[in-house]
>>> print(open('my_file.txt').read())   # compact mmCIF, C-alpha atoms
# COMPACT_ATOMS: atom_id res chain seq x y z
CA MET T 10 0.00 0.00 0.00
CA ALA T 11 2.81 2.40 0.90
CA ALA T 12 4.47 1.88 -2.47
CA ASN T 13 1.20 2.57 -4.28
CA MET T 14 0.66 5.78 -2.31
CA GLU T 15 4.18 6.92 -3.11
CA ASN T 16 3.47 6.63 -6.84
CA GLU T 17 0.01 8.19 -6.70
CA ILE T 18 -0.31 10.97 -9.28
CA LYS T 19 -0.79 14.22 -7.39
CA VAL T 20 -0.28 16.57 -10.35
CA PRO T 21 -1.02 15.10 -13.81
CA PHE T 22 1.26 16.11 -16.63
CA PHE T 23 -1.80 17.32 -18.53
CA LYS T 24 -5.56 17.42 -18.25
CA ALA T 25 -7.80 18.78 -20.99
CA SER T 26 -9.92 21.81 -20.10
CA THR T 27 -13.45 21.01 -21.27
CA GLY T 28 -16.90 21.82 -19.95
CA LYS T 29 -20.61 21.78 -20.68
CA GLU T 30 -20.11 23.85 -23.82
CA GLU T 31 -18.11 21.05 -25.47
CA GLU T 32 -20.60 18.42 -24.29
CA GLU T 33 -23.55 20.35 -25.71
CA ALA T 34 -21.75 20.97 -29.00
CA VAL T 35 -21.06 17.27 -29.49
CA LEU T 36 -24.63 16.37 -28.59
CA ARG T 37 -25.89 18.96 -31.08
CA VAL T 38 -24.02 17.19 -33.86
CA ILE T 39 -25.19 13.74 -32.80
CA ARG T 40 -28.81 14.93 -32.77
CA SER T 41 -28.42 16.54 -36.19
CA GLY T 42 -27.85 13.15 -37.82
CA TRP T 43 -24.81 14.41 -39.76
CA LEU T 44 -21.67 13.08 -38.04
CA THR T 45 -18.98 13.23 -40.71
CA THR T 46 -17.37 16.29 -42.32
CA GLY T 47 -20.05 18.93 -42.89
CA LYS T 48 -21.22 22.35 -41.81
CA GLU T 49 -19.55 22.22 -38.37
CA THR T 50 -16.18 21.59 -40.00
CA LEU T 51 -16.74 24.35 -42.55
CA ALA T 52 -17.55 26.75 -39.70
CA PHE T 53 -14.52 25.58 -37.68
CA GLU T 54 -12.25 26.20 -40.67
CA LYS T 55 -13.65 29.68 -41.23
CA GLU T 56 -13.34 30.62 -37.55
CA PHE T 57 -9.79 29.28 -37.25
CA ALA T 58 -8.68 31.05 -40.42
CA SER T 59 -10.04 34.31 -39.05
CA CYS T 60 -8.28 33.72 -35.74
CA VAL T 61 -4.80 33.32 -37.27
CA GLU T 62 -5.51 35.87 -40.01
CA VAL T 63 -5.21 33.71 -43.11
CA PRO T 64 -7.72 33.27 -45.94
CA TYR T 65 -7.66 29.46 -45.95
CA ALA T 66 -7.80 26.80 -43.24
CA LEU T 67 -8.36 23.10 -43.86
CA ALA T 68 -9.39 20.83 -40.99
CA VAL T 69 -7.79 17.38 -40.94
CA ASN T 70 -7.74 14.35 -38.66
CA SER T 71 -4.20 14.98 -37.34
CA ASN T 72 -1.18 17.24 -37.61
CA THR T 73 0.57 14.33 -39.33
CA SER T 74 -2.00 14.06 -42.12
CA GLY T 75 -1.96 17.84 -42.52
CA MET T 76 1.82 17.72 -42.90
CA ILE T 77 1.54 15.06 -45.60
CA LEU T 78 -1.01 17.18 -47.49
CA ALA T 79 1.16 20.29 -47.34
CA MET T 80 4.37 18.49 -48.26
CA GLU T 81 2.77 16.69 -51.20
CA ALA T 82 1.23 19.93 -52.46
CA LEU T 83 4.57 21.76 -52.20
CA GLY T 84 6.57 19.22 -54.18
CA VAL T 85 8.04 16.96 -51.49
CA LYS T 86 8.49 13.58 -53.20
CA ALA T 87 11.04 10.93 -54.12
CA GLY T 88 14.27 12.58 -55.23
CA LYS T 89 13.56 15.62 -53.06
CA ALA T 90 14.30 16.37 -49.40
CA VAL T 91 13.19 18.50 -46.48
CA ILE T 92 15.30 20.20 -43.82
CA THR T 93 13.92 19.96 -40.31
CA THR T 94 15.05 19.68 -36.72
CA PRO T 95 15.92 16.39 -35.00
CA TYR T 96 14.46 17.93 -31.82
CA THR T 97 10.80 17.21 -32.51
CA PHE T 98 8.28 14.40 -32.42
CA VAL T 99 9.12 11.84 -35.08
CA SER T 100 6.04 12.55 -37.24
CA THR T 101 7.56 15.80 -38.54
CA ALA T 102 10.29 13.85 -40.33
CA ALA T 103 8.31 10.66 -40.95
CA THR T 104 5.81 12.47 -43.17
CA ALA T 105 8.57 13.23 -45.66
CA ARG T 106 9.51 9.56 -45.70
CA HIS T 107 5.88 8.62 -46.42
CA LEU T 108 6.25 10.64 -49.62
CA GLY T 109 9.58 9.01 -50.50
CA ALA T 110 11.66 12.10 -49.74
CA ASP T 111 14.88 12.36 -47.76
CA VAL T 112 15.25 14.21 -44.47
CA TYR T 113 18.21 16.42 -43.61
CA PHE T 114 18.51 17.45 -39.97
CA ALA T 115 19.80 20.85 -38.87
CA ASP T 116 20.91 21.30 -35.27
CA ILE T 117 19.03 23.54 -32.86
CA GLU T 118 20.34 26.79 -31.43
CA LYS T 119 22.76 26.62 -28.53
CA ASP T 120 20.51 28.26 -25.94
CA SER T 121 17.05 27.35 -27.24
CA TYR T 122 15.12 24.43 -28.70
CA SER T 123 14.54 26.10 -32.09
CA ILE T 124 16.14 25.04 -35.36
CA ASP T 125 19.30 27.04 -36.11
CA PRO T 126 19.13 29.08 -39.36
CA GLN T 127 22.92 28.86 -39.73
CA SER T 128 22.71 25.07 -39.67
CA ILE T 129 19.95 25.22 -42.27
CA GLU T 130 22.07 27.33 -44.58
CA LYS T 131 25.04 24.97 -44.29
CA ILE T 132 22.84 22.25 -45.76
CA LEU T 133 21.45 24.51 -48.47
CA GLN T 134 25.01 25.49 -49.46
CA SER T 135 26.16 21.86 -49.66
CA PRO T 136 25.80 19.61 -52.74
CA LYS T 137 22.67 17.99 -51.28
CA GLY T 138 21.04 21.41 -50.96
CA LYS T 139 19.90 21.19 -54.58
CA ASN T 140 17.47 18.43 -53.57
CA VAL T 141 15.73 20.45 -50.84
CA ALA T 142 12.08 21.23 -51.56
CA ALA T 143 11.11 22.66 -48.17
CA ILE T 144 12.32 23.82 -44.78
CA VAL T 145 10.14 22.58 -41.92
CA PRO T 146 10.75 24.64 -38.76
CA VAL T 147 9.08 23.39 -35.57
CA HIS T 148 7.94 25.94 -32.99
CA ILE T 149 8.92 23.80 -30.00
CA ALA T 150 6.87 24.37 -26.82
CA GLY T 151 5.10 27.28 -28.54
CA ASN T 152 8.23 29.42 -28.84
CA VAL T 153 8.34 30.65 -32.45
CA CYS T 154 11.52 29.98 -34.46
CA ASN T 155 13.56 32.74 -36.08
CA MET T 156 11.15 33.01 -39.00
CA LYS T 157 12.69 36.19 -40.38
CA ALA T 158 15.99 34.40 -41.02
CA ILE T 159 14.25 31.24 -42.24
CA MET T 160 12.07 33.11 -44.73
CA GLU T 161 15.12 34.95 -46.03
CA LEU T 162 16.87 31.61 -46.60
CA ALA T 163 13.79 30.24 -48.36
CA LYS T 164 13.76 33.19 -50.74
CA LYS T 165 17.53 33.06 -51.30
CA TYR T 166 17.57 29.34 -52.12
CA ASN T 167 14.10 29.12 -53.68
CA VAL T 168 12.59 26.56 -51.30
CA LYS T 169 9.24 26.39 -49.55
CA VAL T 170 8.56 26.78 -45.82
CA ILE T 171 6.12 24.53 -43.94
CA GLU T 172 5.65 25.59 -40.31
CA ASP T 173 5.03 22.80 -37.82
CA CYS T 174 2.72 24.69 -35.45
CA ALA T 175 1.67 21.71 -33.34
CA HIS T 176 2.69 23.66 -30.21
CA SER T 177 2.18 27.24 -31.32
CA PHE T 178 -1.42 28.33 -31.13
CA PRO T 179 -2.09 31.16 -30.60
CA SER T 180 1.33 32.67 -31.37
CA LYS T 181 1.23 36.19 -32.78
CA THR T 182 4.42 37.89 -33.94
CA GLN T 183 5.24 41.03 -35.92
CA MET T 184 5.41 38.81 -39.01
CA GLY T 185 1.93 37.46 -38.30
CA TYR T 186 0.62 34.42 -36.46
CA ALA T 187 2.63 31.21 -36.50
CA GLY T 188 1.16 29.26 -39.37
CA ALA T 189 0.61 32.39 -41.45
CA ILE T 190 4.26 33.21 -42.14
CA GLY T 191 5.45 30.32 -44.33
CA ASP T 192 3.80 28.74 -47.36
CA ALA T 193 1.71 26.53 -45.07
CA GLY T 194 1.23 26.00 -41.35
CA ILE T 195 0.18 22.75 -39.67
CA PHE T 196 -1.54 22.75 -36.27
CA SER T 197 -2.37 19.91 -33.89
CA PHE T 198 -5.49 19.48 -31.78
CA TYR T 199 -4.28 16.34 -30.01
CA VAL T 200 -5.54 16.04 -26.45
CA THR T 201 -2.47 17.67 -24.85
CA LYS T 202 -2.34 20.69 -27.17
CA THR T 203 -3.37 24.28 -26.43
CA ILE T 204 -6.85 23.54 -27.80
CA THR T 205 -8.09 20.03 -28.47
CA THR T 206 -10.53 18.01 -30.53
CA GLY T 207 -9.19 14.78 -29.02
CA GLU T 208 -7.47 14.04 -32.32
CA GLY T 209 -7.28 16.47 -35.19
CA GLY T 210 -5.41 19.28 -36.88
CA MET T 211 -5.58 22.24 -39.23
CA VAL T 212 -3.61 23.35 -42.30
CA THR T 213 -3.41 27.08 -43.02
CA THR T 214 -2.22 28.88 -46.13
CA LYS T 215 -2.55 32.15 -48.03
CA ASP T 216 -2.28 30.42 -51.41
CA PRO T 217 -5.66 29.66 -53.06
CA ASP T 218 -4.20 27.07 -55.43
CA LEU T 219 -2.50 25.28 -52.56
CA ALA T 220 -5.73 25.31 -50.55
CA ARG T 221 -7.71 23.95 -53.49
CA HIS T 222 -5.23 21.13 -54.10
CA MET T 223 -5.09 20.07 -50.44
CA THR T 224 -8.89 20.14 -50.16
CA MET T 225 -9.12 17.76 -53.08
CA MET T 226 -6.33 15.48 -51.81
CA ARG T 227 -7.84 15.36 -48.32
CA MET T 228 -10.77 13.26 -49.62
CA HIS T 229 -9.51 10.59 -52.03
CA GLY T 230 -8.66 13.09 -54.78
CA MET T 231 -12.38 13.68 -55.26
CA ASP T 232 -13.56 16.86 -56.97
CA ARG T 233 -16.57 17.25 -54.65
CA THR T 234 -16.78 17.11 -50.87
CA THR T 235 -19.30 14.82 -49.18
CA TRP T 236 -21.17 17.83 -47.80
CA ASP T 237 -21.45 19.34 -51.27
CA ARG T 238 -22.57 16.06 -52.82
CA TYR T 239 -25.43 15.56 -50.38
CA THR T 240 -26.59 19.16 -49.90
CA SER T 241 -26.40 20.68 -53.40
CA PRO T 242 -29.02 20.30 -56.17
CA LYS T 243 -26.50 18.41 -58.29
CA ALA T 244 -26.84 14.61 -58.13
CA SER T 245 -24.90 13.24 -55.15
CA TRP T 246 -23.45 10.29 -57.06
CA ILE T 247 -21.78 12.43 -59.71
CA TYR T 248 -18.13 13.09 -58.95
CA ASP T 249 -14.68 12.58 -60.43
CA ILE T 250 -11.38 11.31 -59.00
CA VAL T 251 -8.61 13.53 -60.28
CA ALA T 252 -5.69 12.28 -58.15
CA PRO T 253 -4.83 9.35 -55.82
CA GLY T 254 -5.73 11.26 -52.67
CA TYR T 255 -5.98 10.39 -48.98
CA LYS T 256 -8.64 9.99 -46.28
CA PHE T 257 -7.64 12.82 -43.97
CA ASN T 258 -10.94 14.59 -43.19
CA ILE T 259 -12.16 15.34 -39.68
CA PRO T 260 -15.74 14.52 -38.55
CA ASP T 261 -18.20 17.20 -37.43
CA ILE T 262 -18.30 15.77 -33.91
CA LEU T 263 -14.67 16.75 -33.40
CA SER T 264 -15.03 20.05 -35.23
CA ALA T 265 -17.91 21.03 -32.95
CA LEU T 266 -15.71 20.36 -29.95
CA GLY T 267 -12.94 22.38 -31.58
CA ARG T 268 -15.20 25.38 -32.18
CA GLU T 269 -15.94 25.60 -28.45
CA GLN T 270 -12.25 25.20 -27.60
CA LEU T 271 -11.40 27.96 -30.06
CA LYS T 272 -13.68 30.37 -28.18
CA LYS T 273 -11.62 29.71 -25.06
CA ALA T 274 -8.18 29.71 -26.68
CA PHE T 275 -7.06 33.13 -25.50
CA VAL T 276 -8.35 32.51 -21.97
CA PHE T 277 -6.38 29.24 -21.91
CA ASP T 278 -3.36 31.18 -23.20
CA GLN T 279 -3.51 33.71 -20.36
CA LYS T 280 -3.92 30.98 -17.74
CA ARG T 281 -0.86 29.10 -19.01
CA LYS T 282 1.17 32.30 -18.98
CA ALA T 283 0.11 33.02 -15.40
CA HIS T 284 1.35 29.55 -14.39
CA VAL T 285 4.61 30.20 -16.25
CA ARG T 286 5.18 33.42 -14.32
CA ARG T 287 4.80 31.53 -11.04
CA TYR T 288 7.15 28.80 -12.19
CA ASN T 289 9.73 31.31 -13.38
CA GLU T 290 9.58 33.30 -10.16
CA GLU T 291 10.21 30.25 -7.97
CA LEU T 292 12.43 28.11 -10.17
CA GLY T 293 14.52 31.12 -11.17
CA LYS T 294 15.83 31.19 -7.59
CA LEU T 295 17.40 27.73 -7.97
CA ASP T 296 20.98 27.52 -9.23
CA PHE T 297 20.43 24.07 -10.73
CA ILE T 298 17.57 25.23 -13.01
CA LYS T 299 17.83 27.03 -16.35
CA LEU T 300 14.54 28.72 -17.22
CA PRO T 301 12.98 27.97 -20.63
CA PRO T 302 13.67 30.31 -23.55
CA ASP T 303 10.96 32.87 -24.23
CA GLY T 304 10.35 34.89 -27.36
CA GLU T 305 7.77 36.91 -29.23
CA GLY T 306 4.44 35.14 -29.55
CA ASN T 307 5.33 32.23 -27.25
CA ALA T 308 2.18 30.14 -26.75
CA TRP T 309 3.71 28.27 -23.79
CA HIS T 310 2.35 24.88 -24.74
CA LEU T 311 5.12 23.26 -22.70
CA TYR T 312 7.37 24.27 -19.82
CA LEU T 313 10.80 22.84 -20.66
CA MET T 314 12.72 22.85 -17.39
CA ARG T 315 16.44 22.51 -18.06
CA LEU T 316 18.79 21.21 -15.38
CA ASP T 317 22.31 22.50 -14.78
CA LEU T 318 23.81 19.07 -14.23
CA SER T 319 27.09 20.57 -12.99
CA LYS T 320 25.18 21.56 -9.84
CA LEU T 321 23.69 18.09 -9.27
CA THR T 322 24.94 14.65 -8.27
CA ILE T 323 22.23 12.90 -10.32
CA ASP T 324 21.44 12.98 -14.04
CA ARG T 325 18.27 14.10 -15.77
CA ASP T 326 16.73 10.62 -15.86
CA GLU T 327 17.13 10.09 -12.13
CA PHE T 328 15.74 13.55 -11.39
CA ALA T 329 12.70 12.77 -13.58
CA LEU T 330 12.15 9.39 -11.94
CA GLN T 331 12.20 10.97 -8.50
CA MET T 332 9.59 13.50 -9.63
CA GLN T 333 7.39 10.67 -10.90
CA LYS T 334 7.76 8.75 -7.64
CA ARG T 335 6.45 11.81 -5.82
CA GLY T 336 3.37 11.98 -8.00
CA VAL T 337 4.37 14.69 -10.48
CA GLY T 338 3.53 13.86 -14.08
CA ILE T 339 6.44 14.65 -16.38
CA SER T 340 7.42 14.05 -19.98
CA MET T 341 10.42 14.39 -22.30
CA HIS T 342 10.27 16.74 -25.29
CA PHE T 343 11.95 15.35 -27.27
CA ILE T 344 14.17 12.35 -27.81
CA PRO T 345 16.19 13.56 -30.83
CA ILE T 346 15.13 11.58 -33.87
CA PHE T 347 18.65 10.40 -34.73
CA ASN T 348 18.55 8.21 -31.58
CA PHE T 349 15.82 5.96 -32.98
CA THR T 350 16.60 2.62 -34.66
CA TYR T 351 14.88 3.34 -37.98
CA TRP T 352 16.69 6.65 -38.44
CA LYS T 353 20.05 5.20 -37.37
CA LYS T 354 19.76 2.56 -40.06
CA LEU T 355 18.52 4.98 -42.71
CA TYR T 356 21.05 7.74 -42.04
CA PRO T 357 24.02 6.31 -40.11
CA GLU T 358 25.88 9.61 -40.61
CA PHE T 359 23.34 11.39 -38.37
CA THR T 360 24.76 10.88 -34.89
CA ALA T 361 24.61 12.74 -31.60
CA GLU T 362 28.11 14.09 -32.22
CA ASN T 363 26.82 15.92 -35.30
CA PHE T 364 24.01 17.58 -33.36
CA PRO T 365 25.60 18.58 -30.05
CA ASN T 366 22.98 21.17 -29.10
CA ALA T 367 20.03 18.84 -29.64
CA GLN T 368 21.67 16.02 -27.69
CA ARG T 369 22.74 18.27 -24.83
CA GLN T 370 19.33 19.95 -24.44
CA TYR T 371 17.65 16.55 -24.45
CA SER T 372 19.96 15.19 -21.72
CA GLU T 373 19.19 18.17 -19.48
CA THR T 374 15.48 18.82 -20.02
CA ILE T 375 12.27 17.70 -18.30
CA SER T 376 8.77 18.86 -19.31
CA ILE T 377 6.78 19.65 -16.18
CA PRO T 378 2.99 20.08 -15.84
CA LEU T 379 1.48 23.11 -17.56
CA TRP T 380 -2.24 23.25 -18.35
CA PRO T 381 -4.93 25.91 -17.91
CA ASP T 382 -6.87 24.49 -14.97
CA MET T 383 -3.90 23.82 -12.70
CA THR T 384 -4.45 25.18 -9.19
CA ASP T 385 -2.02 27.23 -7.13
CA GLU T 386 -1.64 24.20 -4.87
CA MET T 387 -0.58 22.06 -7.84
CA ILE T 388 2.01 24.61 -8.94
CA ASP T 389 3.31 24.81 -5.36
CA TYR T 390 3.59 21.04 -5.11
CA VAL T 391 5.55 20.80 -8.37
CA VAL T 392 7.91 23.58 -7.29
CA GLU T 393 8.46 22.17 -3.79
CA THR T 394 9.16 18.73 -5.28
CA ILE T 395 11.79 20.19 -7.61
CA LYS T 396 13.36 22.19 -4.78
CA ASP T 397 13.50 19.15 -2.50
CA ILE T 398 15.00 16.78 -5.07
CA GLY T 399 17.55 19.38 -6.14
CA GLY T 400 18.42 20.23 -2.57
CA LYS T 401 18.98 16.61 -1.56
CA ASN T 402 21.08 15.92 -4.66
CA HIS T 403 23.02 19.16 -4.91
CA ALA T 404 26.69 18.91 -5.84
>>> encode(input="my_file.txt", output="structure tokens")
Amino acid sequence: MAANMENEIKVPFFKASTGKEEEEAVLRVIRSGWLTTGKETLAFEKEFASCVEVPYALAVNSNTSGMILAMEALGVKAGKAVITTPYTFVSTAATARHLGADVYFADIEKDSYSIDPQSIEKILQSPKGKNVAAIVPVHIAGNVCNMKAIMELAKKYNVKVIEDCAHSFPSKTQMGYAGAIGDAGIFSFYVTKTITTGEGGMVTTKDPDLARHMTMMRMHGMDRTTWDRYTSPKASWIYDIVAPGYKFNIPDILSALGREQLKKAFVFDQKRKAHVRRYNEELGKLDFIKLPPDGEGNAWHLYLMRLDLSKLTIDRDEFALQMQKRGVGISMHFIPIFNFTYWKKLYPEFTAENFPNAQRQYSETISIPLWPDMTDEMIDYVVETIKDIGGKNHA
């Protein structure tokens, strides 16, 4: 019994913030009789596009499927390559492989988790740079990458930019919202994200031709959507297949949930930032903690607590395990992709030694709880746990 109590979760790593509004929205769709992609999804797309100030938004069933749509539409294919960061969830790179393209990793910046524009340019200047179709920056933890430098590189070397915005909603900068700066932006509405549909995502773009192509590819390469086929005067069974498309649409049940979450997005944003201020105030007093990087438009999806291991007698893994044993939910964002078996076999030249910043940040970083409905008591418990473990294991 004692052991079970010791491991009881006192502060979950994440808990979705939902209420009666989401319940009623889902019930409304169920009662309507139309459960698949329809008017709720069309409304969700319009509202999201307005929110991030782009003309086109396309709802999909995941960030991953949205990334495939954008890459395919922007010429990522066999014989081509993308440049992205190894410090991300594996789907960012895996989508390029689904399309037969190569992946070139650029290291992250020394004091942040963002892809380094100088590392990007080294690849673009090399012989393999001629194969690059797109740069895929990832706004890790909601902190927007150096998009000014990245867009300048894209123009200089004539490549596309696909923003992985899985963490960065809502992130407004002087260049516009994350997802509205590059050629396309891909958002995630997975359960742990800043707003959720349980599973789901959104693709944004300012290019009407790109939007049209992705809309068609989202549903089997069909020239008419299901909603159009069954609600317009034209016969529902008349349609054409113009390309070998995918099945990446999102159902109205999830879109209805997403519309309610979207209404709360900026309230959620302010709550997360209030929690961050409390974390920073307390953890900033500890000599064994390096506070997370912060920049313009940071959505604070994650709080990446970095340890100064020179001040501790234990490593990151042991510190994380002790937090878990005391009931604090933690995670790791991210295991650099070059550490995984598939990627080691595919690109044996991509090793930790070639990406020192990514490997070092990973070995020192723990993601601690950060979600809108956390209480002051929860924040206090997380902080006191960190203080106690660090104090007892201080060098």
>>> atom_distance(input="my_file.txt", atom1="CA of Gly188 (chain T)", atom2="CA of Ala115 (chain T)")
20.5 Å
>>> closest_residue(input="my_file.txt", among="T:Lys256, T:Lys320, T:Lys131, T:Lys169", to="Thr224 (chain T)", atoms="all atoms listed in the file")
T:Lys256
>>> atom_distance(input="my_file.txt", atom1="CA of Pro146 (chain T)", atom2="CA of Met76 (chain T)")
12.0 Å
>>> residues_near_point(input="my_file.txt", point="(3.3, 13.1, -8.4)", cutoff="6 Å", atoms="all atoms listed in the file", output="ChimeraX atom specification")
/T:18-20,333,335-338
>>> closest_atom_pairs(input="my_file.txt", of="region 164-223 of chain T", to="region 78-85 of chain T", cutoff="7 Å", atoms="all atoms listed in the file", output="Markdown table")
| residue | atom | partner | partner_atom | distance |
| --- | --- | --- | --- | --- |
| T:Ala193 | CA | T:Ala79 | CA | 6.7 |
| T:Leu219 | CA | T:Ala82 | CA | 6.5 |
| T:His222 | CA | T:Ala82 | CA | 6.8 |
| T:Met223 | CA | T:Leu78 | CA | 5.8 |
>>> atom_distance(input="my_file.txt", atom1="CA of Glu373 (chain T)", atom2="CA of Leu316 (chain T)")
5.1 Å
>>> residues_around(input="my_file.txt", residues="Ser180 (chain T)", least_positions_apart="5", cutoff="7 Å", atoms="only C-alpha atoms", output="ChimeraX atom specification")
/T:186-187,306-308
>>> closest_atom_pairs(input="my_file.txt", of="region 76-108 of chain T", to="region 362-365 of chain T", cutoff="10 Å", atoms="all atoms listed in the file", output="CSV")
residue,atom,partner,partner_atom,distance
T:Thr94,CA,T:Phe364,CA,9.8
T:Pro95,CA,T:Phe364,CA,8.3
T:Tyr96,CA,T:Phe364,CA,9.7
>>> write_last_selection(input="my_file.txt", atoms="C-alpha atoms", output="CSV table (one decimal), in the frame of the given file")
chain,number,residue,atom,x,y,z
T,94,THR,CA,15.0,19.7,-36.7
T,95,PRO,CA,15.9,16.4,-35.0
T,96,TYR,CA,14.5,17.9,-31.8
>>> residues_around(input="my_file.txt", residues="region 42-55 of chain T", least_positions_apart="5", cutoff="7 Å", atoms="all atoms listed in the file", output="list of chain:residue names")
T:Ala66, T:Leu67, T:Ala68, T:Trp236, T:Asn258, T:Ile259, T:Pro260, T:Asp261, T:Ile262, T:Ser264, T:Ala265, T:Arg268
>>> closest_residue(input="my_file.txt", among="T:Gly399, T:Pro242, T:Gly138, T:Gly194", to="Lys89 (chain T)", atoms="only C-alpha atoms")
T:Gly138
>>> closest_residue(input="my_file.txt", among="T:Val200, T:Ile346, T:Ile388, T:Leu300", to="Ala361 (chain T)", atoms="only C-alpha atoms")
T:Ile346
>>> closest_atom_pairs(input="my_file.txt", of="region 166-241 of chain T", to="region 58-64 of chain T", cutoff="10 Å", atoms="only C-alpha atoms", output="tab-separated table")
residue	atom	partner	partner_atom	distance
T:Phe178	CA	T:Val61	CA	8.6
T:Pro179	CA	T:Val61	CA	7.5
T:Ser180	CA	T:Val61	CA	8.5
T:Lys181	CA	T:Val61	CA	8.0
T:Gly185	CA	T:Glu62	CA	7.8
T:Tyr186	CA	T:Val61	CA	5.6
T:Ala187	CA	T:Val61	CA	7.8
T:Gly188	CA	T:Val61	CA	7.5
T:Ala189	CA	T:Val63	CA	6.2
T:Ile190	CA	T:Val63	CA	9.5
T:Met211	CA	T:Ala58	CA	9.4
T:Val212	CA	T:Ala58	CA	9.4
T:Thr213	CA	T:Val63	CA	6.9
T:Thr214	CA	T:Val63	CA	6.4
T:Lys215	CA	T:Pro64	CA	5.7
T:Asp216	CA	T:Pro64	CA	8.2
T:Pro217	CA	T:Pro64	CA	8.2
T:Ala220	CA	T:Pro64	CA	9.4
>>> closest_residue(input="my_file.txt", among="T:Lys202, T:Met332, T:Asp385, T:Arg238", to="Glu17 (chain T)", atoms="all atoms listed in the file")
T:Met332
>>> axis_aligned_box(input="my_file.txt", around="region 311-314 of chain T", padding_each_side="6 Å", output="AutoDock Vina command-line options")
--center_x 8.9 --center_y 23.6 --center_z -20.0 --size_x 19.6 --size_y 13.4 --size_z 17.3
>>> residues_around(input="my_file.txt", residues="Lys282 (chain T)", least_positions_apart="4", cutoff="9 Å", atoms="all atoms listed in the file", output="PyMOL selection string")
chain T and resi 277-278+286-287+308-309+381
>>> residues_around(input="my_file.txt", residues="Pro301 (chain T)", least_positions_apart="2", cutoff="8 Å", atoms="only C-alpha atoms", output="list in words")
Ser121, Lys299, Asp303, Tyr312, Leu313, Met314 and Arg315 of chain T
>>> residues_near_point(input="my_file.txt", point="(5.9, 25.0, -41.7)", cutoff="8 Å", atoms="only C-alpha atoms", output="list in words")
Ile144, Val145, Pro146, Val147, Val170, Ile171, Glu172, Asp173, Cys174, Gly188, Gly191, Asp192, Ala193, Gly194 and Ile195 of chain T
>>> residues_around(input="my_file.txt", residues="Gly267 (chain T)", least_positions_apart="3", cutoff="9 Å", atoms="all atoms listed in the file", output="list in words")
Glu31, Phe53, Phe198, Ile204, Thr205, Thr206, Gly207, Gly209, Ile262, Leu263, Ser264, Gln270, Leu271 and Lys272 of chain T
